[in-house]
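Structure file my_file20.cif (mmCIF, C-alpha atoms) is printed below.
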```
data_protein
loop_
_atom_site.label_atom_id
_atom_site.label_comp_id
_atom_site.auth_asym_id
_atom_site.auth_seq_id
_atom_site.Cartn_x
_atom_site.Cartn_y
_atom_site.Cartn_z
CA MET M 1128 0.05 187.56 -106.71
CA ALA M 1129 -3.74 187.51 -106.63
CA ILE M 1130 -5.37 189.81 -109.20
CA THR M 1131 -8.55 191.41 -107.85
CA ALA M 1132 -11.56 192.64 -109.77
CA GLN M 1133 -10.65 196.15 -108.59
CA ASP M 1134 -7.20 195.81 -110.19
CA VAL M 1135 -8.73 194.67 -113.47
CA ASN M 1136 -11.23 197.52 -113.43
CA LYS M 1137 -8.49 200.06 -112.65
CA LEU M 1138 -6.41 198.88 -115.64
CA ARG M 1139 -9.51 198.92 -117.82
CA GLN M 1140 -10.18 202.53 -116.82
CA MET M 1141 -6.55 203.43 -117.53
CA THR M 1142 -6.41 201.79 -120.96
CA GLY M 1143 -9.94 201.21 -122.22
CA ALA M 1144 -9.01 197.59 -123.03
CA GLY M 1145 -11.44 194.71 -122.47
CA MET M 1146 -11.84 193.09 -119.04
CA MET M 1147 -10.34 189.74 -120.04
CA ASP M 1148 -7.41 191.38 -121.82
CA CYS M 1149 -6.72 193.48 -118.72
CA LYS M 1150 -6.85 190.44 -116.44
CA LYS M 1151 -4.48 188.45 -118.67
CA ALA M 1152 -2.05 191.39 -118.86
CA LEU M 1153 -2.04 191.80 -115.06
CA VAL M 1154 -1.49 188.08 -114.53
CA GLU M 1155 1.37 188.10 -117.06
CA SER M 1156 2.95 191.17 -115.42
CA ASP M 1157 2.48 189.89 -111.84
CA GLY M 1158 0.25 192.87 -111.04
CA ASP M 1159 2.67 195.53 -112.35
CA PHE M 1160 0.42 198.13 -114.00
CA GLU M 1161 3.17 199.70 -116.14
CA LYS M 1162 4.21 196.31 -117.49
CA ALA M 1163 0.55 195.38 -118.01
CA ILE M 1164 0.01 198.55 -120.08
CA GLU M 1165 3.08 197.68 -122.17
CA ILE M 1166 1.71 194.16 -122.70
CA LEU M 1167 -1.61 195.59 -123.87
CA ARG M 1168 0.18 197.99 -126.23
CA LYS M 1169 2.20 195.10 -127.65
CA LYS M 1170 -1.04 193.19 -128.14
CA GLY M 1171 -2.37 196.17 -130.03
CA GLN M 1172 0.66 196.12 -132.28
CA LYS M 1173 0.11 192.43 -132.99
CA VAL M 1174 -3.55 193.06 -133.80
CA SER M 1175 -2.51 195.89 -136.11
CA GLU M 1176 -0.07 193.63 -137.96
CA LYS M 1177 -2.54 190.75 -138.15
CA ARG M 1178 -5.19 192.99 -139.69
CA ALA M 1179 -2.79 194.94 -141.93
CA GLY M 1180 -4.25 193.35 -145.06
CA ARG M 1181 -7.82 194.33 -144.22
CA GLU M 1182 -9.52 197.14 -146.14
CA THR M 1183 -10.49 200.39 -144.41
CA LYS M 1184 -13.58 201.36 -146.40
CA GLU M 1185 -15.28 203.12 -143.50
CA GLY M 1186 -14.20 206.00 -141.30
CA SER M 1187 -14.54 209.74 -140.84
CA VAL M 1188 -13.14 212.96 -142.25
CA PHE M 1189 -12.11 215.68 -139.79
CA ILE M 1190 -11.48 219.32 -140.78
CA LYS M 1191 -10.22 222.39 -138.93
CA SER M 1192 -9.71 225.99 -140.18
CA ASN M 1193 -7.80 228.91 -138.69
CA ASP M 1194 -9.60 232.05 -137.50
CA ASP M 1195 -9.42 234.01 -140.76
CA ASN M 1196 -10.14 230.97 -142.96
CA SER M 1197 -6.88 231.30 -144.85
CA LEU M 1198 -5.81 227.76 -143.89
CA ALA M 1199 -7.64 224.46 -143.41
CA VAL M 1200 -6.40 221.00 -142.51
CA LEU M 1201 -8.18 217.74 -143.36
CA VAL M 1202 -7.49 214.32 -141.84
CA ALA M 1203 -9.22 211.09 -142.91
CA LEU M 1204 -9.18 208.27 -140.38
CA GLY M 1205 -10.22 204.87 -141.73
CA CYS M 1206 -11.56 201.68 -140.18
CA GLU M 1207 -13.25 198.46 -141.32
CA THR M 1208 -16.85 198.98 -140.21
CA ASP M 1209 -19.36 201.79 -139.89
CA PHE M 1210 -20.00 200.68 -136.31
CA VAL M 1211 -16.42 201.53 -135.32
CA ALA M 1212 -16.50 204.79 -137.33
CA LYS M 1213 -19.29 205.97 -135.02
CA ASN M 1214 -17.50 204.77 -131.88
CA GLU M 1215 -16.75 207.59 -129.41
CA ASP M 1216 -13.11 206.51 -128.94
CA PHE M 1217 -12.59 206.45 -132.71
CA GLN M 1218 -14.11 209.92 -133.08
CA ASN M 1219 -12.04 211.29 -130.20
CA LEU M 1220 -8.87 209.86 -131.73
CA GLY M 1221 -9.73 211.49 -135.06
CA LYS M 1222 -10.14 214.86 -133.37
CA GLU M 1223 -6.87 214.41 -131.48
CA ILE M 1224 -5.02 213.56 -134.70
CA LEU M 1225 -6.54 216.61 -136.41
CA GLU M 1226 -5.43 218.90 -133.58
CA ALA M 1227 -1.89 217.50 -133.80
CA ALA M 1228 -1.86 217.99 -137.58
CA PHE M 1229 -3.19 221.53 -137.28
CA ALA M 1230 -0.67 222.52 -134.58
CA ASN M 1231 2.42 220.90 -136.11
CA LYS M 1232 1.78 221.15 -139.90
CA PRO M 1233 3.42 217.79 -140.77
CA ALA M 1234 4.48 217.28 -144.38
CA GLY M 1235 2.89 213.84 -144.66
CA ILE M 1236 1.19 210.95 -142.86
CA ASP M 1237 4.45 209.37 -141.63
CA GLU M 1238 5.49 212.68 -140.11
CA LEU M 1239 2.04 213.04 -138.56
CA LYS M 1240 2.27 209.56 -136.99
CA ALA M 1241 5.61 210.50 -135.41
CA ILE M 1242 4.19 213.51 -133.53
CA LYS M 1243 4.13 212.90 -129.80
CA VAL M 1244 1.00 213.76 -127.83
CA GLY M 1245 1.54 213.11 -124.14
CA ASP M 1246 3.49 209.90 -123.64
CA LEU M 1247 2.62 208.38 -127.01
CA THR M 1248 3.09 209.24 -130.67
CA ILE M 1249 0.04 209.51 -132.90
CA GLY M 1250 1.05 206.22 -134.51
CA GLU M 1251 1.15 204.54 -131.09
CA LYS M 1252 -2.26 205.99 -130.21
CA VAL M 1253 -3.69 204.47 -133.38
CA THR M 1254 -2.10 201.12 -132.50
CA GLU M 1255 -3.47 201.34 -128.97
CA LEU M 1256 -7.02 201.80 -130.28
CA VAL M 1257 -6.54 198.89 -132.71
CA GLY M 1258 -5.68 196.74 -129.69
CA LYS M 1259 -8.73 197.93 -127.81
CA ILE M 1260 -11.25 197.62 -130.67
CA GLY M 1261 -9.71 194.71 -132.59
CA GLU M 1262 -10.21 196.29 -136.01
CA LYS M 1263 -7.78 197.83 -138.48
CA ILE M 1264 -7.56 201.62 -138.09
CA ASP M 1265 -5.28 203.86 -140.13
CA ILE M 1266 -4.76 207.46 -141.20
CA LEU M 1267 -5.79 207.49 -144.86
CA ALA M 1268 -5.22 211.11 -145.84
CA LEU M 1269 -3.73 214.40 -144.68
CA GLU M 1270 -4.34 217.58 -146.66
CA ASN M 1271 -3.45 221.22 -146.00
CA LEU M 1272 -4.83 224.07 -148.09
CA GLU M 1273 -3.87 227.74 -147.86
CA GLY M 1274 -5.47 230.61 -149.78
CA GLU M 1275 -7.17 233.96 -149.68
CA LYS M 1276 -10.41 232.35 -148.44
CA VAL M 1277 -10.59 228.61 -147.75
CA VAL M 1278 -14.08 227.13 -147.38
CA THR M 1279 -14.64 223.63 -146.02
CA TYR M 1280 -17.39 221.05 -146.42
CA ILE M 1281 -18.01 217.60 -144.93
CA HIS M 1282 -20.66 215.57 -146.71
CA ALA M 1283 -23.40 213.77 -144.76
CA GLY M 1284 -21.95 210.65 -143.19
CA SER M 1285 -18.54 212.30 -142.75
CA LYS M 1286 -16.89 210.02 -145.35
CA LEU M 1287 -16.18 212.81 -147.84
CA GLY M 1288 -14.52 216.17 -147.22
CA VAL M 1289 -13.68 219.14 -149.44
CA LEU M 1290 -11.37 222.13 -149.04
CA VAL M 1291 -11.73 224.88 -151.65
CA SER M 1292 -9.66 228.04 -151.95
CA LEU M 1293 -11.37 231.13 -153.42
CA LYS M 1294 -9.56 234.20 -154.71
CA GLY M 1295 -10.90 237.62 -155.64
CA ALA M 1296 -13.19 237.77 -152.60
CA GLY M 1297 -11.71 240.95 -151.17
CA ASP M 1298 -13.52 241.93 -147.98
CA ASP M 1299 -16.80 240.31 -149.02
CA ASP M 1300 -18.23 237.28 -147.23
CA VAL M 1301 -18.27 234.58 -149.91
CA THR M 1302 -18.68 231.61 -147.57
CA ALA M 1303 -22.08 230.64 -149.00
CA ALA M 1304 -20.72 230.64 -152.56
CA GLY M 1305 -17.67 228.69 -151.42
CA ARG M 1306 -19.90 226.10 -149.79
CA ASP M 1307 -21.94 225.79 -153.01
CA VAL M 1308 -18.75 225.15 -154.95
CA ALA M 1309 -17.48 222.70 -152.32
CA MET M 1310 -20.75 220.75 -152.65
CA GLN M 1311 -20.27 220.80 -156.44
CA ILE M 1312 -16.79 219.31 -155.98
CA ALA M 1313 -18.19 216.65 -153.64
CA ALA M 1314 -20.92 215.67 -156.11
CA MET M 1315 -19.15 216.00 -159.47
CA ASN M 1316 -15.55 215.04 -158.52
CA PRO M 1317 -13.71 217.27 -161.04
CA VAL M 1318 -10.17 216.28 -162.02
CA ALA M 1319 -8.82 219.85 -161.93
CA VAL M 1320 -9.82 223.49 -161.45
CA ASP M 1321 -9.57 224.44 -165.15
CA LYS M 1322 -8.51 222.83 -168.42
CA ASP M 1323 -4.97 224.20 -168.16
CA ASP M 1324 -4.57 222.35 -164.85
CA VAL M 1325 -5.25 218.89 -166.33
CA ASP M 1326 -2.01 216.90 -166.51
CA SER M 1327 -0.56 216.15 -169.93
CA THR M 1328 -0.87 212.37 -169.49
CA THR M 1329 -4.66 212.67 -169.06
CA VAL M 1330 -4.91 215.01 -172.06
CA GLU M 1331 -2.99 212.61 -174.30
CA LYS M 1332 -5.06 209.67 -173.08
CA GLU M 1333 -8.34 211.46 -173.84
CA LEU M 1334 -7.10 212.51 -177.30
CA ALA M 1335 -6.06 208.92 -178.05
CA ILE M 1336 -9.49 207.63 -176.96
CA GLY M 1337 -11.15 210.26 -179.14
CA ARG M 1338 -9.10 209.26 -182.19
CA GLU M 1339 -9.84 205.55 -181.68
CA GLN M 1340 -13.56 206.23 -181.31
CA ALA M 1341 -13.60 208.34 -184.48
CA LEU M 1342 -11.79 205.68 -186.49
CA ALA M 1343 -14.09 202.97 -185.12
CA GLU M 1344 -17.05 205.03 -186.29
CA GLY M 1345 -15.55 205.11 -189.79
CA LYS M 1346 -14.70 208.83 -189.84
CA PRO M 1347 -12.19 210.00 -192.49
CA GLU M 1348 -8.61 210.09 -191.20
CA ASN M 1349 -8.15 213.73 -192.20
CA ILE M 1350 -10.74 214.85 -189.61
CA VAL M 1351 -9.94 212.35 -186.86
CA ASP M 1352 -7.73 214.83 -184.96
CA LYS M 1353 -10.40 217.52 -185.13
CA ILE M 1354 -13.02 215.11 -183.76
CA ALA M 1355 -10.62 214.01 -180.99
CA GLN M 1356 -10.07 217.66 -180.02
CA GLY M 1357 -13.82 218.15 -179.84
CA LYS M 1358 -14.16 215.15 -177.54
CA LEU M 1359 -11.32 216.55 -175.39
CA ASN M 1360 -13.14 219.88 -175.08
CA LYS M 1361 -16.24 217.98 -173.94
CA PHE M 1362 -14.08 216.18 -171.37
CA PHE M 1363 -12.84 219.55 -170.08
CA LYS M 1364 -16.41 220.84 -169.80
CA GLU M 1365 -17.60 217.82 -167.85
CA ASN M 1366 -14.53 217.23 -165.67
CA THR M 1367 -12.90 220.57 -164.82
CA LEU M 1368 -14.55 222.53 -162.04
CA LEU M 1369 -14.85 226.03 -163.53
CA ASN M 1370 -16.20 224.65 -166.83
CA GLN M 1371 -18.76 222.28 -165.30
CA LEU M 1372 -22.42 223.27 -165.35
CA PHE M 1373 -23.32 224.57 -161.90
CA VAL M 1374 -25.41 221.89 -160.17
CA LYS M 1375 -27.77 224.41 -158.54
CA ASP M 1376 -28.35 226.35 -161.79
CA SER M 1377 -27.46 224.51 -164.99
CA SER M 1378 -27.87 227.69 -167.06
CA LYS M 1379 -24.42 228.74 -165.76
CA THR M 1380 -21.00 227.22 -165.46
CA VAL M 1381 -19.32 227.28 -162.05
CA ALA M 1382 -17.08 230.10 -163.32
CA GLN M 1383 -20.12 232.15 -164.38
CA TYR M 1384 -21.85 231.49 -161.07
CA LEU M 1385 -18.86 232.74 -159.07
CA ASP M 1386 -18.52 235.80 -161.29
CA SER M 1387 -22.20 236.57 -160.67
CA VAL M 1388 -21.61 236.46 -156.91
CA LYS M 1389 -18.69 238.90 -157.20
CA LYS M 1390 -16.87 240.08 -160.29
CA GLY M 1391 -13.55 238.29 -160.51
CA LEU M 1392 -14.32 235.70 -157.83
CA THR M 1393 -12.89 232.29 -158.76
CA VAL M 1394 -11.31 229.08 -157.45
CA ASP M 1395 -7.55 228.62 -157.50
CA LYS M 1396 -7.27 225.16 -155.89
CA PHE M 1397 -9.20 222.46 -154.07
CA LYS M 1398 -8.80 219.13 -152.29
CA ARG M 1399 -11.38 216.34 -152.22
CA ILE M 1400 -10.96 213.26 -150.04
CA ALA M 1401 -13.43 210.35 -149.99
CA ILE M 1402 -13.25 207.22 -147.83
CA GLY M 1403 -14.29 203.95 -149.44
#
```

Represent the supplied structure as structure tokens.
Amino acid sequence: MAITAQDVNKLRQMTGAGMMDCKKALVESDGDFEKAIEILRKKGQKVSEKRAGRETKEGSVFIKSNDDNSLAVLVALGCETDFVAKNEDFQNLGKEILEAAFANKPAGIDELKAIKVGDLTIGEKVTELVGKIGEKIDILALENLEGEKVVTYIHAGSKLGVLVSLKGAGDDDVTAAGRDVAMQIAAMNPVAVDKDDVDSTTVEKELAIGREQALAEGKPENIVDKIAQGKLNKFFKENTLLNQLFVKDSSKTVAQYLDSVKKGLTVDKFKRIAIG
């Protein structure tokens, strides 16, 4: 059958695919719109597979909190180029994925991709956009954080997001302090909240490095362990959130800053996700 320009435009409006792709799909399906849509979706799957080895160093972070700020969800959607990251369809897909994650509380990315929204799963929606744009797109991260008061922060450019849970706030509004700490996490990338939260593998590695450095400097063996412990304490100070010097006021640690905002206010957990 003859494929008209109106038919091509109608399919383009239905799918968002390119004009030539729509025309080819309609020709292949003999003008059957449902079959043409399936052909375009299959094309998207092929594009996704073909570009599977590409790196997704660009993208956007999306965050949503509940009404009392006791829960926040973060989704990172990745792509290959900054141009696509700013694309309206990409941004709308990111928001749709976030809403699905927030409503369904999936345990992981695979579970998130299996959630059905309308006629398609989230995974199929991602594939569909890959077919339309022709660039690798993938969900890079999914994080949920619950706490007494969860404060969120998205860094300029939307490629870095932080969730931080404060405790000891009581009825006070500590949002500003939480945002300060979230910005600290974004800038300084701590490995843990406090020294007791650092995993044993990292501790042993830092001690071993400290010992090797001391021996290389010619220090006596009987004080090598003491020197290594000192270097470990310095590592804790520089790399654990509560012990880091507060970026906005280096006369205080983050722990001291929070305590000055409200006695007993502290951080119990955080998540930091960066794209690229």

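Note that CA of Phe1217 (chain M) and CA of Ala1132 (chain M) are 26.8 Å apart.
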
message: Can you pull out the residues contacting region 1174-1177 of chain M? Cut-off 8 Å, using only C-alpha atoms, and skip same-chain residues under 5 positions away; I want them as a list in words.
response: Thr1254, Val1257, Gly1258, Gly1261, Glu1262, Lys1263 and Ile1264 of chain M

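Take CA of Thr1367 (chain M) and CA of Asp1323 (chain M): the distance between them is 9.3 Å.
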
Nearest candidate to Tyr1384 (chain M) (options M:Leu1359, M:Gln1311, M:Arg1178, M:Lys1322; using all atoms listed in the file):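 Closest to Tyr1384 (chain M), using all atoms listed in the file: M:Gln1311.
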
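Shell of Ala1319 (chain M) at 9 Å, with only C-alpha atoms counted and residues fewer than 2 places along the chain excluded, is Asn1316, Pro1317, Asp1321, Lys1322, Asp1323, Asp1324, Val1325, Asp1326, Asn1366, Thr1367, Leu1368, Leu1369, Lys1396 and Phe1397 of chain M.
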
task: Take the PyMOL selection byres ((chain M and resi 1230-1233) around 12), apply it to the structure above, and return the hits as an MDAnalysis selection string.
output: chainID M and resid 1191:1193 1198:1202 1223:1229 1234:1244 1249 1269:1273

- prompt: Between CA of Asp1376 (chain M) and CA of Leu1293 (chain M), what is the spacing in Å?
  reply: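 So the answer is 19.5 Å.
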
Taking the file as shown, what set of residues would the PyMOL selection byres ((chain M and resi 1383) around 12) give back, as a PDB file with C-alpha atoms, in the frame of the given file?
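As a result, part.pdb now contains:
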```pdb
ATOM      1  CA  ALA M1304     -20.720 230.640-152.560  1.00  0.00           C
ATOM      2  CA  VAL M1308     -18.750 225.150-154.950  1.00  0.00           C
ATOM      3  CA  LEU M1368     -14.550 222.530-162.040  1.00  0.00           C
ATOM      4  CA  LEU M1369     -14.850 226.030-163.530  1.00  0.00           C
ATOM      5  CA  ASN M1370     -16.200 224.650-166.830  1.00  0.00           C
ATOM      6  CA  GLN M1371     -18.760 222.280-165.300  1.00  0.00           C
ATOM      7  CA  LEU M1372     -22.420 223.270-165.350  1.00  0.00           C
ATOM      8  CA  PHE M1373     -23.320 224.570-161.900  1.00  0.00           C
ATOM      9  CA  ASP M1376     -28.350 226.350-161.790  1.00  0.00           C
ATOM     10  CA  SER M1377     -27.460 224.510-164.990  1.00  0.00           C
ATOM     11  CA  SER M1378     -27.870 227.690-167.060  1.00  0.00           C
ATOM     12  CA  LYS M1379     -24.420 228.740-165.760  1.00  0.00           C
ATOM     13  CA  THR M1380     -21.000 227.220-165.460  1.00  0.00           C
ATOM     14  CA  VAL M1381     -19.320 227.280-162.050  1.00  0.00           C
ATOM     15  CA  ALA M1382     -17.080 230.100-163.320  1.00  0.00           C
ATOM     16  CA  TYR M1384     -21.850 231.490-161.070  1.00  0.00           C
ATOM     17  CA  LEU M1385     -18.860 232.740-159.070  1.00  0.00           C
ATOM     18  CA  ASP M1386     -18.520 235.800-161.290  1.00  0.00           C
ATOM     19  CA  SER M1387     -22.200 236.570-160.670  1.00  0.00           C
ATOM     20  CA  VAL M1388     -21.610 236.460-156.910  1.00  0.00           C
ATOM     21  CA  LYS M1389     -18.690 238.900-157.200  1.00  0.00           C
ATOM     22  CA  LYS M1390     -16.870 240.080-160.290  1.00  0.00           C
ATOM     23  CA  GLY M1391     -13.550 238.290-160.510  1.00  0.00           C
ATOM     24  CA  LEU M1392     -14.320 235.700-157.830  1.00  0.00           C
ATOM     25  CA  THR M1393     -12.890 232.290-158.760  1.00  0.00           C
ATOM     26  CA  VAL M1394     -11.310 229.080-157.450  1.00  0.00           C
TER      27      VAL M1394
END
```

- request: Run the PyMOL selection byres ((chain M and resi 1306) around 10) mentally over the shown coordinates, then write out the matched residues as JSON, numbers by chain, using the chain letters and numbers from the document.
  value: {"M": [1277, 1278, 1279, 1280, 1281, 1289, 1290, 1291, 1301, 1302, 1303, 1304, 1305, 1307, 1308, 1309, 1310, 1311, 1312]}

- prompt: Using only C-alpha atoms, which of M:Arg1168, M:Ile1266, M:Leu1287, M:Glu1155 sits nearest Leu1247 (chain M)?
  reply: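 Nearest to Leu1247 (chain M): M:Arg1168.
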
- request: Compute the distance from (-8.9, 205.6, -142.4) to each atom, counting only C-alpha atoms, keep the residues with any atom at most 10 Å away, and return them as a PyMOL selection string; use the coordinates of the file.
  value: chain M and resi 1182-1188+1202-1207+1212+1221+1263-1268+1286+1402-1403

Using the file's own x, y and z axes, so that the box edges lie along x, y and z, what centre and edge lengths in Å (one decimal) does a box around every listed atom of region 1205-1215 of chain M get when 5 Å is added on each side? Give it as JSON.
```
{"center_x": -15.1, "center_y": 203.0, "center_z": -135.6, "size_x": 19.8, "size_y": 19.1, "size_z": 22.3}
```

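The list of residues with at least one atom within 10 Å of Asp1148 (chain M), based on all atoms listed in the file and without residues fewer than 2 positions apart in the same chain, reads M:Val1135, M:Leu1138, M:Arg1139, M:Ala1144, M:Gly1145, M:Met1146, M:Lys1150, M:Lys1151, M:Ala1152, M:Leu1153, M:Val1154, M:Ala1163, M:Ile1166, M:Leu1167, M:Lys1170, M:Gly1258, M:Lys1259.
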
How about saving the chosen residues, C-alpha atoms kept, as a CSV table (one decimal), in the frame of the given file?
```csv
chain,number,residue,atom,x,y,z
M,1135,VAL,CA,-8.7,194.7,-113.5
M,1138,LEU,CA,-6.4,198.9,-115.6
M,1139,ARG,CA,-9.5,198.9,-117.8
M,1144,ALA,CA,-9.0,197.6,-123.0
M,1145,GLY,CA,-11.4,194.7,-122.5
M,1146,MET,CA,-11.8,193.1,-119.0
M,1150,LYS,CA,-6.8,190.4,-116.4
M,1151,LYS,CA,-4.5,188.4,-118.7
M,1152,ALA,CA,-2.0,191.4,-118.9
M,1153,LEU,CA,-2.0,191.8,-115.1
M,1154,VAL,CA,-1.5,188.1,-114.5
M,1163,ALA,CA,0.6,195.4,-118.0
M,1166,ILE,CA,1.7,194.2,-122.7
M,1167,LEU,CA,-1.6,195.6,-123.9
M,1170,LYS,CA,-1.0,193.2,-128.1
M,1258,GLY,CA,-5.7,196.7,-129.7
M,1259,LYS,CA,-8.7,197.9,-127.8
```

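The nearest approach to Gly1250 (chain M) among the residues M:Asp1216, M:Asp1300, M:Gln1172, M:Val1211, with only C-alpha atoms taken into account, belongs to M:Gln1172.
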
- request: Using only C-alpha atoms, find the one residue out of M:Lys1398, M:Ile1130, M:Lys1137, M:Asp1209 that sits nearest to Ser1156 (chain M).
  value: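 Ranked by minimum distance to Ser1156 (chain M), first place goes to M:Ile1130.
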
message: Could you check the closest approach to Leu1342 (chain M) for each of M:Ala1355, M:Val1330, M:Ile1164, M:Ile1400 and tell me which residue wins, using all atoms listed in the file?
response: M:Ala1355

Using the incomplete input, complete region 1176-1200 of chain M to the level of N, CA and C atoms; output as a PDB file, in the frame of the given file.
```pdb
ATOM      1  N   GLU M1176      -0.788 194.375-136.923  1.00  0.00           N
ATOM      2  CA  GLU M1176      -0.070 193.630-137.960  1.00  0.00           C
ATOM      3  C   GLU M1176      -0.940 192.538-138.559  1.00  0.00           C
ATOM      4  N   LYS M1177      -1.701 191.849-137.694  1.00  0.00           N
ATOM      5  CA  LYS M1177      -2.540 190.750-138.150  1.00  0.00           C
ATOM      6  C   LYS M1177      -3.625 191.233-139.098  1.00  0.00           C
ATOM      7  N   ARG M1178      -4.087 192.459-138.887  1.00  0.00           N
ATOM      8  CA  ARG M1178      -5.190 192.990-139.690  1.00  0.00           C
ATOM      9  C   ARG M1178      -4.698 193.937-140.787  1.00  0.00           C
ATOM     10  N   ALA M1179      -3.366 193.968-140.991  1.00  0.00           N
ATOM     11  CA  ALA M1179      -2.790 194.940-141.930  1.00  0.00           C
ATOM     12  C   ALA M1179      -3.338 194.792-143.339  1.00  0.00           C
ATOM     13  N   GLY M1180      -3.741 193.572-143.717  1.00  0.00           N
ATOM     14  CA  GLY M1180      -4.250 193.350-145.060  1.00  0.00           C
ATOM     15  C   GLY M1180      -5.715 193.701-145.237  1.00  0.00           C
ATOM     16  N   ARG M1181      -6.393 194.016-144.138  1.00  0.00           N
ATOM     17  CA  ARG M1181      -7.820 194.330-144.220  1.00  0.00           C
ATOM     18  C   ARG M1181      -8.027 195.688-144.908  1.00  0.00           C
ATOM     19  N   GLU M1182      -9.206 195.880-145.478  1.00  0.00           N
ATOM     20  CA  GLU M1182      -9.520 197.140-146.140  1.00  0.00           C
ATOM     21  C   GLU M1182     -10.221 198.092-145.178  1.00  0.00           C
ATOM     22  N   THR M1183      -9.855 199.366-145.252  1.00  0.00           N
ATOM     23  CA  THR M1183     -10.490 200.390-144.410  1.00  0.00           C
ATOM     24  C   THR M1183     -11.410 201.220-145.303  1.00  0.00           C
ATOM     25  N   LYS M1184     -12.624 200.696-145.513  1.00  0.00           N
ATOM     26  CA  LYS M1184     -13.580 201.360-146.400  1.00  0.00           C
ATOM     27  C   LYS M1184     -14.559 202.256-145.649  1.00  0.00           C
ATOM     28  N   GLU M1185     -14.446 202.251-144.327  1.00  0.00           N
ATOM     29  CA  GLU M1185     -15.280 203.120-143.500  1.00  0.00           C
ATOM     30  C   GLU M1185     -14.377 204.103-142.769  1.00  0.00           C
ATOM     31  N   GLY M1186     -14.996 205.030-142.042  1.00  0.00           N
ATOM     32  CA  GLY M1186     -14.200 206.000-141.300  1.00  0.00           C
ATOM     33  C   GLY M1186     -14.848 207.361-141.278  1.00  0.00           C
ATOM     34  N   SER M1187     -14.041 208.365-140.931  1.00  0.00           N
ATOM     35  CA  SER M1187     -14.540 209.740-140.840  1.00  0.00           C
ATOM     36  C   SER M1187     -13.495 210.727-141.311  1.00  0.00           C
ATOM     37  N   VAL M1188     -13.986 211.831-141.864  1.00  0.00           N
ATOM     38  CA  VAL M1188     -13.140 212.960-142.250  1.00  0.00           C
ATOM     39  C   VAL M1188     -13.271 214.031-141.169  1.00  0.00           C
ATOM     40  N   PHE M1189     -12.143 214.615-140.799  1.00  0.00           N
ATOM     41  CA  PHE M1189     -12.110 215.680-139.790  1.00  0.00           C
ATOM     42  C   PHE M1189     -11.432 216.902-140.399  1.00  0.00           C
ATOM     43  N   ILE M1190     -12.008 218.090-140.185  1.00  0.00           N
ATOM     44  CA  ILE M1190     -11.480 219.320-140.780  1.00  0.00           C
ATOM     45  C   ILE M1190     -11.417 220.432-139.734  1.00  0.00           C
ATOM     46  N   LYS M1191     -10.346 221.215-139.800  1.00  0.00           N
ATOM     47  CA  LYS M1191     -10.220 222.390-138.930  1.00  0.00           C
ATOM     48  C   LYS M1191      -9.643 223.552-139.733  1.00  0.00           C
ATOM     49  N   SER M1192     -10.186 224.764-139.514  1.00  0.00           N
ATOM     50  CA  SER M1192      -9.710 225.990-140.180  1.00  0.00           C
ATOM     51  C   SER M1192      -9.147 226.953-139.145  1.00  0.00           C
ATOM     52  N   ASN M1193      -8.268 227.859-139.602  1.00  0.00           N
ATOM     53  CA  ASN M1193      -7.800 228.910-138.690  1.00  0.00           C
ATOM     54  C   ASN M1193      -8.837 230.040-138.622  1.00  0.00           C
ATOM     55  N   ASP M1194      -8.583 231.030-137.794  1.00  0.00           N
ATOM     56  CA  ASP M1194      -9.600 232.050-137.500  1.00  0.00           C
ATOM     57  C   ASP M1194     -10.007 232.883-138.707  1.00  0.00           C
ATOM     58  N   ASP M1195      -9.066 233.183-139.606  1.00  0.00           N
ATOM     59  CA  ASP M1195      -9.420 234.010-140.760  1.00  0.00           C
ATOM     60  C   ASP M1195      -9.707 233.197-142.017  1.00  0.00           C
ATOM     61  N   ASN M1196      -9.807 231.877-141.847  1.00  0.00           N
ATOM     62  CA  ASN M1196     -10.140 230.970-142.960  1.00  0.00           C
ATOM     63  C   ASN M1196      -9.169 231.074-144.138  1.00  0.00           C
ATOM     64  N   SER M1197      -7.898 231.303-143.803  1.00  0.00           N
ATOM     65  CA  SER M1197      -6.880 231.300-144.850  1.00  0.00           C
ATOM     66  C   SER M1197      -6.138 229.960-144.909  1.00  0.00           C
ATOM     67  N   LEU M1198      -6.442 229.076-143.960  1.00  0.00           N
ATOM     68  CA  LEU M1198      -5.810 227.760-143.890  1.00  0.00           C
ATOM     69  C   LEU M1198      -6.804 226.748-143.341  1.00  0.00           C
ATOM     70  N   ALA M1199      -6.832 225.565-143.935  1.00  0.00           N
ATOM     71  CA  ALA M1199      -7.640 224.460-143.410  1.00  0.00           C
ATOM     72  C   ALA M1199      -6.847 223.175-143.512  1.00  0.00           C
ATOM     73  N   VAL M1200      -7.063 222.300-142.548  1.00  0.00           N
ATOM     74  CA  VAL M1200      -6.400 221.000-142.510  1.00  0.00           C
ATOM     75  C   VAL M1200      -7.466 219.911-142.492  1.00  0.00           C
TER      76      VAL M1200
END
```
